$ cat input.tsv   # TSV, C-alpha atoms
chain	number	residue	atom	x	y	z
H	13	MET	CA	-11.07	-17.45	-13.18
H	14	LEU	CA	-12.61	-14.12	-12.26
H	15	TYR	CA	-11.87	-11.82	-9.35
H	16	LEU	CA	-14.56	-9.82	-7.64
H	17	THR	CA	-13.97	-7.15	-4.99
H	18	ARG	CA	-16.44	-5.80	-2.48
H	19	LYS	CA	-15.74	-2.79	-0.25
H	20	ALA	CA	-17.05	-1.90	3.18
H	21	GLU	CA	-16.18	0.78	5.68
H	22	PHE	CA	-15.95	0.59	9.43
H	23	ALA	CA	-14.89	3.07	12.07
H	24	ALA	CA	-12.99	1.88	15.11
H	25	SER	CA	-10.45	2.96	17.68
H	26	HIS	CA	-7.28	1.22	18.79
H	27	TYR	CA	-3.87	1.70	20.34
H	28	TYR	CA	-0.58	-0.14	20.08
H	29	HIS	CA	0.93	-1.64	23.20
H	30	ASN	CA	2.90	-4.78	24.00
H	31	PRO	CA	2.84	-5.66	27.71
H	32	ASP	CA	6.20	-7.45	27.29
H	33	PHE	CA	7.87	-4.14	26.39
H	34	THR	CA	8.85	-1.50	28.93
H	35	PRO	CA	6.82	1.75	28.83
H	36	GLU	CA	9.83	3.40	27.24
H	37	GLU	CA	10.11	0.70	24.53
H	38	ASN	CA	6.39	0.94	23.83
H	39	ARG	CA	6.67	4.70	23.35
H	40	ARG	CA	9.78	4.40	21.18
H	41	ILE	CA	8.41	1.66	18.91
H	42	PHE	CA	4.79	2.75	18.64
H	43	GLY	CA	5.08	6.52	19.04
H	44	LYS	CA	1.77	8.37	19.26
H	45	CYS	CA	-0.10	5.11	18.58
H	46	ASN	CA	0.87	4.03	22.12
H	47	ASN	CA	-1.54	6.51	23.76
H	48	PRO	CA	-3.62	4.16	26.01
H	49	ASN	CA	-6.82	6.14	25.51
H	50	GLY	CA	-6.76	5.11	21.87
H	51	HIS	CA	-7.44	6.94	18.64
H	52	GLY	CA	-9.62	6.08	15.66
H	53	HIS	CA	-9.73	5.53	11.93
H	54	ASN	CA	-12.25	5.09	9.17
H	55	TYR	CA	-11.05	1.74	7.92
H	56	MET	CA	-11.85	0.74	4.36
H	57	LEU	CA	-12.05	-2.97	3.77
H	58	GLU	CA	-11.72	-4.58	0.34
H	59	VAL	CA	-12.43	-8.27	0.04
H	60	THR	CA	-11.48	-9.98	-3.22
H	61	VAL	CA	-12.85	-13.41	-4.03
H	62	LYS	CA	-12.12	-15.57	-7.04
H	63	GLY	CA	-13.93	-18.30	-8.89
H	64	GLU	CA	-15.42	-19.42	-12.16
H	65	VAL	CA	-18.51	-17.71	-13.50
H	66	ASP	CA	-21.59	-19.84	-12.83
H	67	PRO	CA	-23.20	-20.42	-16.26
H	68	ARG	CA	-26.75	-20.15	-14.88
H	69	SER	CA	-26.46	-17.08	-12.67
H	70	GLY	CA	-23.54	-15.38	-14.43
H	71	PHE	CA	-22.07	-14.72	-10.97
H	72	VAL	CA	-18.71	-15.59	-9.46
H	73	VAL	CA	-20.30	-15.23	-6.06
H	74	ASP	CA	-23.67	-14.10	-4.82
H	75	LEU	CA	-22.86	-10.48	-3.88
H	76	LYS	CA	-25.72	-10.39	-1.40
H	77	GLN	CA	-24.24	-13.34	0.42
H	78	LEU	CA	-20.73	-11.82	0.35
H	79	LYS	CA	-22.10	-8.55	1.73
H	80	GLU	CA	-24.04	-10.38	4.47
H	81	VAL	CA	-21.00	-12.41	5.50
H	82	MET	CA	-18.78	-9.30	5.60
H	83	HIS	CA	-21.34	-7.51	7.76
H	84	ARG	CA	-22.01	-10.43	10.08
H	85	GLU	CA	-18.43	-11.60	10.54
H	86	VAL	CA	-16.51	-8.33	10.40
H	87	LEU	CA	-18.54	-5.13	10.61
H	88	ASP	CA	-20.87	-6.28	13.40
H	89	ALA	CA	-17.79	-7.11	15.46
H	90	MET	CA	-15.52	-4.17	14.59
H	91	ASP	CA	-17.61	-1.18	13.51
H	92	HIS	CA	-17.74	1.54	16.17
H	93	ARG	CA	-15.70	-0.55	18.60
H	94	PHE	CA	-12.50	-0.13	20.59
H	95	LEU	CA	-10.59	-2.97	18.95
H	96	ASN	CA	-8.22	-3.64	21.89
H	97	LYS	CA	-11.05	-4.07	24.38
H	98	GLU	CA	-14.01	-5.36	22.39
H	99	VAL	CA	-12.72	-7.67	19.65
H	100	PRO	CA	-11.50	-11.05	20.96
H	101	GLU	CA	-8.52	-11.35	18.56
H	102	PHE	CA	-7.04	-8.15	19.94
H	103	LEU	CA	-7.27	-8.88	23.64
H	104	HIS	CA	-3.87	-10.56	23.22
H	105	SER	CA	-2.52	-9.26	19.91
H	106	ILE	CA	-1.93	-5.71	18.76
H	107	PRO	CA	-4.59	-4.35	16.37
H	108	THR	CA	-2.15	-3.14	13.74
H	109	THR	CA	-3.41	-2.93	10.17
H	110	GLU	CA	-1.45	-6.14	9.47
H	111	ASN	CA	-3.20	-8.04	12.28
H	112	ILE	CA	-6.60	-6.61	11.35
H	113	ALA	CA	-6.16	-7.91	7.77
H	114	ILE	CA	-5.24	-11.36	9.14
H	115	ALA	CA	-8.21	-11.33	11.55
H	116	VAL	CA	-10.61	-10.35	8.75
H	117	TRP	CA	-9.25	-13.18	6.57
H	118	ARG	CA	-9.75	-15.73	9.34
H	119	ARG	CA	-13.26	-14.49	10.04
H	120	LEU	CA	-14.28	-14.80	6.38
H	121	GLN	CA	-12.45	-17.97	5.44
H	122	GLY	CA	-14.78	-20.92	5.03
H	123	LYS	CA	-17.89	-18.72	5.27
H	124	LEU	CA	-18.27	-18.02	1.57
H	125	GLN	CA	-20.29	-20.23	-0.73
H	126	LYS	CA	-18.56	-21.30	-3.96
H	127	ALA	CA	-16.05	-18.47	-4.37
H	128	GLN	CA	-12.66	-18.66	-2.78
H	129	LEU	CA	-11.14	-15.88	-0.72
H	130	HIS	CA	-8.23	-14.32	-2.64
H	131	LYS	CA	-7.20	-11.14	-0.86
H	132	VAL	CA	-8.14	-9.00	2.11
H	133	ARG	CA	-7.05	-5.37	1.87
H	134	VAL	CA	-7.46	-3.04	4.83
H	135	TYR	CA	-6.91	0.69	4.47
H	136	GLU	CA	-6.15	2.40	7.77
H	137	THR	CA	-6.00	5.71	5.90
H	138	PRO	CA	-6.00	6.39	2.14
H	139	ASP	CA	-2.17	6.47	2.38
H	140	LEU	CA	-1.62	3.23	4.27
H	141	PHE	CA	-2.97	-0.22	3.53
H	142	VAL	CA	-2.15	-3.89	4.02
H	143	ASP	CA	-2.88	-6.85	1.74
H	144	PHE	CA	-3.16	-10.38	3.09
H	145	TYR	CA	-3.36	-13.41	0.79
H	146	GLY	CA	-3.75	-16.13	3.39
H	147	GLU	CA	-1.51	-18.07	5.70
H	148	GLU	CA	1.92	-18.83	4.26
Y	26	MET	CA	2.35	-14.84	8.53
Y	27	LYS	CA	3.33	-12.82	5.50
Y	28	ALA	CA	1.57	-9.55	4.66
Y	29	HIS	CA	2.06	-6.76	2.13
Y	30	LEU	CA	2.18	-3.19	3.37
Y	31	SER	CA	1.67	-0.25	1.04
Y	32	ARG	CA	2.30	3.39	1.70
Y	33	ARG	CA	1.49	6.39	-0.48
Y	34	TYR	CA	3.48	9.64	-0.68
Y	35	LEU	CA	3.15	12.84	-2.68
Y	36	PHE	CA	5.82	14.92	-4.35
Y	37	SER	CA	5.86	17.60	-7.01
Y	38	ALA	CA	8.54	17.97	-9.66
Y	39	SER	CA	9.08	19.30	-13.14
Y	40	HIS	CA	10.64	17.66	-16.17
Y	41	ARG	CA	11.13	17.94	-19.88
Y	42	LEU	CA	11.23	14.88	-22.10
Y	43	ASP	CA	14.02	15.34	-24.60
Y	44	ASN	CA	16.63	12.94	-25.87
Y	45	ALA	CA	19.85	14.56	-27.07
Y	46	ALA	CA	20.41	11.63	-29.42
Y	47	MET	CA	17.28	12.52	-31.39
Y	48	SER	CA	16.78	15.41	-33.80
Y	49	ALA	CA	14.56	18.31	-32.70
Y	50	GLN	CA	11.84	17.03	-35.01
Y	51	GLU	CA	12.10	13.47	-33.70
Y	52	ASN	CA	11.91	14.74	-30.11
Y	53	ARG	CA	8.76	16.71	-30.92
Y	54	ASP	CA	7.23	13.72	-32.70
Y	55	THR	CA	8.11	11.35	-29.86
Y	56	TYR	CA	7.31	13.44	-26.82
Y	57	GLY	CA	4.74	15.96	-28.10
Y	58	LYS	CA	3.87	18.63	-25.50
Y	59	CYS	CA	6.25	16.97	-23.03
Y	60	ASN	CA	9.08	18.25	-25.25
Y	61	ASN	CA	8.20	21.94	-24.72
Y	62	PRO	CA	11.58	23.58	-24.01
Y	63	TYR	CA	10.81	25.06	-20.60
Y	64	GLY	CA	9.43	21.88	-19.09
Y	65	HIS	CA	6.29	21.32	-17.04
Y	66	GLY	CA	5.41	19.71	-13.71
Y	67	HIS	CA	3.31	17.07	-12.03
Y	68	ASN	CA	2.02	16.13	-8.61
Y	69	TYR	CA	3.35	12.60	-8.44
Y	70	THR	CA	1.78	10.02	-6.15
Y	71	LEU	CA	4.20	7.32	-5.15
Y	72	GLU	CA	2.95	3.98	-3.81
Y	73	VAL	CA	5.54	1.62	-2.36
Y	74	THR	CA	4.67	-1.96	-1.38
Y	75	VAL	CA	6.89	-4.03	0.90
Y	76	SER	CA	6.28	-7.49	2.29
Y	77	GLY	CA	7.48	-9.65	5.14
Y	78	GLN	CA	6.47	-11.75	8.10
Y	79	VAL	CA	4.28	-9.93	10.62
Y	80	ASP	CA	6.48	-9.59	13.71
Y	81	GLY	CA	4.83	-11.32	16.65
Y	82	LYS	CA	5.99	-8.66	19.11
Y	83	THR	CA	4.97	-5.54	17.19
Y	84	GLY	CA	2.25	-6.83	14.86
Y	85	MET	CA	4.05	-5.08	11.99
Y	86	VAL	CA	5.81	-6.00	8.74
Y	87	CYS	CA	8.23	-3.17	9.43
Y	88	ASN	CA	8.29	-0.08	11.58
Y	89	LEU	CA	6.29	2.52	9.67
Y	90	ALA	CA	8.06	5.48	11.27
Y	91	GLU	CA	11.43	4.07	10.11
Y	92	PHE	CA	10.03	3.48	6.64
Y	93	ASP	CA	8.63	7.02	6.43
Y	94	THR	CA	11.93	8.46	7.66
Y	95	PHE	CA	13.82	6.49	5.01
Y	96	MET	CA	11.43	7.53	2.23
Y	97	GLU	CA	11.53	11.17	3.27
Y	98	ARG	CA	15.32	11.25	3.48
Y	99	GLU	CA	16.20	9.17	0.40
Y	100	VAL	CA	13.35	9.76	-2.03
Y	101	LEU	CA	11.08	12.70	-1.23
Y	102	THR	CA	13.85	15.14	-0.31
Y	103	ARG	CA	15.63	14.12	-3.50
Y	104	TYR	CA	12.73	14.68	-5.89
Y	105	ASP	CA	10.18	17.02	-4.27
Y	106	LYS	CA	10.15	20.54	-5.77
Y	107	GLU	CA	13.01	19.70	-8.10
Y	108	ASN	CA	13.53	19.90	-11.83
Y	109	LEU	CA	14.23	16.24	-12.61
Y	110	ASN	CA	16.37	17.08	-15.64
Y	111	THR	CA	18.94	18.74	-13.36
Y	112	LEU	CA	19.55	15.59	-11.29
Y	113	LYS	CA	22.53	13.40	-12.05
Y	114	GLU	CA	20.51	10.24	-12.78
Y	115	PHE	CA	18.75	12.11	-15.57
Y	116	THR	CA	21.72	13.68	-17.29
Y	117	GLU	CA	22.02	10.65	-19.58
Y	118	GLN	CA	18.49	9.34	-19.24
Y	119	VAL	CA	15.17	10.96	-20.10
Y	120	PRO	CA	13.14	11.64	-16.91
Y	121	THR	CA	10.04	9.79	-18.04
Y	122	THR	CA	7.88	8.44	-15.26
Y	123	GLU	CA	9.02	4.94	-16.28
Y	124	ASN	CA	12.66	5.86	-15.63
Y	125	LEU	CA	11.79	7.71	-12.42
Y	126	CYS	CA	9.84	4.67	-11.20
Y	127	VAL	CA	12.89	2.43	-11.78
Y	128	GLN	CA	15.20	4.93	-10.04
Y	129	ILE	CA	12.97	5.00	-6.96
Y	130	TYR	CA	12.76	1.20	-6.96
Y	131	GLU	CA	16.57	1.00	-6.99
Y	132	ILE	CA	16.91	3.51	-4.12
Y	133	VAL	CA	14.43	1.64	-1.92
Y	134	HIS	CA	15.76	-1.78	-2.92
Y	135	ARG	CA	19.36	-0.80	-2.06
Y	136	GLY	CA	18.67	1.21	1.06
Y	137	PHE	CA	15.69	-0.18	2.95
Y	138	THR	CA	16.56	-3.59	4.35
Y	139	HIS	CA	13.85	-4.11	6.97
Y	140	ALA	CA	11.31	-5.60	4.53
Y	141	HIS	CA	11.22	-7.05	1.03
Y	142	LEU	CA	10.44	-4.54	-1.70
Y	143	GLU	CA	7.59	-5.87	-3.85
Y	144	ARG	CA	6.65	-2.96	-6.07
Y	145	VAL	CA	6.96	0.73	-6.78
Y	146	ARG	CA	3.95	2.34	-8.41
Y	147	LEU	CA	4.09	5.92	-9.58
Y	148	GLU	CA	1.09	7.98	-10.65
Y	149	GLU	CA	2.08	10.87	-12.87
Y	150	THR	CA	-1.50	12.14	-13.08
Y	151	MET	CA	-4.82	10.64	-12.03
Y	152	MET	CA	-5.04	9.15	-15.52
Y	153	ASN	CA	-1.75	7.32	-15.77
Y	154	SER	CA	0.48	5.26	-13.55
Y	155	PHE	CA	3.55	3.03	-13.86
Y	156	GLU	CA	4.65	0.00	-11.88
Y	157	TYR	CA	8.04	-1.64	-11.49
Y	158	THR	CA	8.65	-4.89	-9.64
Y	159	GLY	CA	12.37	-5.30	-10.37
Y	160	GLU	CA	14.33	-7.02	-13.15
Y	161	ASN	CA	13.89	-10.59	-12.00
Y	162	THR	CA	10.30	-10.64	-10.88
Y	163	PRO	CA	8.08	-10.75	-13.95
Y	164	LYS	CA	4.41	-10.73	-12.95
$ encode --input "input.tsv" --output "structure tokens"
Amino acid sequence: MLYLTRKAEFAASHYYHNPDFTPEENRRIFGKCNNPNGHGHNYMLEVTVKGEVDPRSGFVVDLKQLKEVMHREVLDAMDHRFLNKEVPEFLHSIPTTENIAIAVWRRLQGKLQKAQLHKVRVYETPDLFVDFYGEE
Amino acid sequence: MKAHLSRRYLFSASHRLDNAAMSAQENRDTYGKCNNPYGHGHNYTLEVTVSGQVDGKTGMVCNLAEFDTFMEREVLTRYDKENLNTLKEFTEQVPTTENLCVQIYEIVHRGFTHAHLERVRLEETMMNSFEYTGENTPK
């Protein structure tokens, strides 16, 4: 079994708000991230897939295909977007780094040929990142 | 839905690696330059990983502001700009980065109860790092 990781970057804005909370609760729980005008990050995405090395190609996965899928399924939807308003998953859930990692996993799952999705890592900043290994 | 959240922090501290149970020669042979009598310092990078279910109401594994406050109060204030050899946990134990990594793990494990502690990773320099996942979780 081999693991292969591909990175991609996207820039997006978001804010944290739960309509079931009072304005005061939203401010207390989410702090500055509750500003309704949003703020942005350069997100770094790392997708790790696993599989056996194909004896003919020597590849675990066709990197071109992985790159295309990441662009089509994730970057085209999220890059230079306001996540709360423009990405369907976040019309009704909060675009925290945790939920972004889950959304990326769901968008990629089943779209890869041969290799199996192992981990999605999303860096919100170099000092904060979330790993998601699938639904448990 | 379980996710792992990792956060990185910086602190600077000095130390000297010297074991009173060893002879001066043995200390020099074991620790090399790290045994120089006046000590030396590092910019440590600390990476702490916790896990838990993503809360449906907040979208979070744990409240990051609470986690940062805990880390600042219990870990960074304790070690930043200190000489590690002067701290009580290192009076009997050599302040290697291995031992410091375990100490930090124990502090977080005991004190932060809002998420499960998975791992403490400590970079002493850009070239070396140490990880501890607890006694009972061999990986």
$ closest_residue --input "input.tsv" --among "H:Gln128, H:Pro48, H:Ala115, H:Arg39" --to "H:Met13" --atoms "all atoms listed in the file"
H:Gln128
$ residues_around --input "input.tsv" --residues "stretch 62-76 of chain Y" --least-positions-apart "5" --cutoff "8 Å" --atoms "all atoms listed in the file" --output "list in words"
Lys27, Ala28, His29, Leu30, Ser31, Arg32, Arg33, Tyr34, Leu35, Phe36, Ser37, Ala38, Ser39, His40, Arg41, Leu42, Val86, Ala140, His141, Leu142, Glu143, Arg144, Val145, Arg146, Leu147, Glu148, Glu149 and Thr150 of chain Y
$ residues_around --input "input.tsv" --residues "H:Arg119" --least-positions-apart "3" --cutoff "12 Å" --atoms "all atoms listed in the file" --output "VMD selection string"
chain H and resid 59 81 to 90 99 to 101 112 to 116 122 to 124 129 132 146
$ closest_residue --input "input.tsv" --among "H:Trp117, H:Phe42, H:Phe22, H:Tyr27" --to "chain Y" --atoms "all atoms listed in the file"
H:Phe42
$ atom_distance --input "input.tsv" --atom1 "atom CA of H:Lys97" --atom2 "atom CA of H:His51"
12.9 Å
$ residues_around --input "input.tsv" --residues "Y:Met26" --least-positions-apart "6" --cutoff "10 Å" --atoms "only C-alpha atoms" --output "PyMOL selection string"
(chain H and resi 110-111+114+144-148) or (chain Y and resi 77-81+86)
$ residues_around --input "input.tsv" --residues "H:Arg18" --least-positions-apart "5" --cutoff "12 Å" --atoms "only C-alpha atoms" --output "JSON, numbers by chain"
{"H": [56, 57, 58, 59, 60, 61, 62, 73, 74, 75, 76, 77, 78, 79, 80, 81, 82, 83, 129, 130, 131, 132, 133, 134]}
$ residues_around --input "input.tsv" --residues "Y:Arg98" --least-positions-apart "6" --cutoff "12 Å" --atoms "only C-alpha atoms" --output "number ranges by chain"
Y: 91-92, 104-105, 132-133, 136-137
$ atom_distance --input "input.tsv" --atom1 "atom CA of H:Thr109" --atom2 "atom CA of Y:Asn88"
12.1 Å
$ interface_residues --input "input.tsv" --of "chain H" --to "chain Y" --cutoff "6 Å" --atoms "only C-alpha atoms" --output "list of chain:residue names"
H:Ile106, H:Thr108, H:Asp139, H:Leu140, H:Phe141, H:Val142, H:Asp143, H:Phe144, H:Glu147, H:Glu148
$ atom_distance --input "input.tsv" --atom1 "atom CA of Y:Glu160" --atom2 "atom CA of Y:Phe95"
22.6 Å
$ axis_aligned_box --input "input.tsv" --around "stretch 118-128 of chain Y" --padding-each-side "8 Å" --output "JSON"
{"center_x": 13.2, "center_y": 7.0, "center_z": -15.1, "size_x": 26.6, "size_y": 25.2, "size_z": 26.1}
$ closest_residue --input "input.tsv" --among "H:Ser25, H:Thr17, H:Ser105, H:Gln121" --to "H:Asn54" --atoms "all atoms listed in the file"
H:Ser25
$ build_atoms --input "input.tsv" --residues "stretch 55-70 of chain H" --atoms "N, CA and C atoms" --output "mmCIF file, keeping the file's coordinate frame"
data_model
loop_
_atom_site.group_PDB
_atom_site.id
_atom_site.type_symbol
_atom_site.label_atom_id
_atom_site.label_comp_id
_atom_site.auth_asym_id
_atom_site.auth_seq_id
_atom_site.Cartn_x
_atom_site.Cartn_y
_atom_site.Cartn_z
ATOM 1 N N TYR H 55 -11.703 2.807 8.675
ATOM 2 C CA TYR H 55 -11.050 1.740 7.920
ATOM 3 C C TYR H 55 -11.867 1.432 6.672
ATOM 4 N N MET H 56 -11.173 1.216 5.570
ATOM 5 C CA MET H 56 -11.850 0.740 4.360
ATOM 6 C C MET H 56 -11.379 -0.691 4.119
ATOM 7 N N LEU H 57 -12.340 -1.556 3.967
ATOM 8 C CA LEU H 57 -12.050 -2.970 3.770
ATOM 9 C C LEU H 57 -12.378 -3.343 2.329
ATOM 10 N N GLU H 58 -11.453 -4.041 1.686
ATOM 11 C CA GLU H 58 -11.720 -4.580 0.340
ATOM 12 C C GLU H 58 -11.500 -6.080 0.383
ATOM 13 N N VAL H 59 -12.537 -6.809 0.058
ATOM 14 C CA VAL H 59 -12.430 -8.270 0.040
ATOM 15 C C VAL H 59 -12.516 -8.740 -1.402
ATOM 16 N N THR H 60 -11.495 -9.466 -1.853
ATOM 17 C CA THR H 60 -11.480 -9.980 -3.220
ATOM 18 C C THR H 60 -11.645 -11.500 -3.181
ATOM 19 N N VAL H 61 -12.644 -11.966 -3.931
ATOM 20 C CA VAL H 61 -12.850 -13.410 -4.030
ATOM 21 C C VAL H 61 -12.618 -13.831 -5.484
ATOM 22 N N LYS H 62 -12.344 -15.102 -5.668
ATOM 23 C CA LYS H 62 -12.120 -15.570 -7.040
ATOM 24 C C LYS H 62 -12.903 -16.859 -7.277
ATOM 25 N N GLY H 63 -13.204 -17.084 -8.548
ATOM 26 C CA GLY H 63 -13.930 -18.300 -8.890
ATOM 27 C C GLY H 63 -14.320 -18.271 -10.358
ATOM 28 N N GLU H 64 -14.926 -19.360 -10.780
ATOM 29 C CA GLU H 64 -15.420 -19.420 -12.160
ATOM 30 C C GLU H 64 -16.826 -18.830 -12.197
ATOM 31 N N VAL H 65 -17.178 -18.293 -13.342
ATOM 32 C CA VAL H 65 -18.510 -17.710 -13.500
ATOM 33 C C VAL H 65 -19.533 -18.836 -13.635
ATOM 34 N N ASP H 66 -20.524 -18.832 -12.762
ATOM 35 C CA ASP H 66 -21.590 -19.840 -12.830
ATOM 36 C C ASP H 66 -22.402 -19.613 -14.103
ATOM 37 N N PRO H 67 -22.536 -20.648 -14.964
ATOM 38 C CA PRO H 67 -23.200 -20.420 -16.260
ATOM 39 C C PRO H 67 -24.680 -20.048 -16.118
ATOM 40 N N ARG H 68 -25.318 -20.463 -15.031
ATOM 41 C CA ARG H 68 -26.750 -20.150 -14.880
ATOM 42 C C ARG H 68 -26.961 -18.742 -14.359
ATOM 43 N N SER H 69 -26.231 -18.388 -13.296
ATOM 44 C CA SER H 69 -26.460 -17.080 -12.670
ATOM 45 C C SER H 69 -25.591 -15.984 -13.297
ATOM 46 N N GLY H 70 -24.474 -16.384 -13.923
ATOM 47 C CA GLY H 70 -23.540 -15.380 -14.430
ATOM 48 C C GLY H 70 -22.702 -14.754 -13.331
#
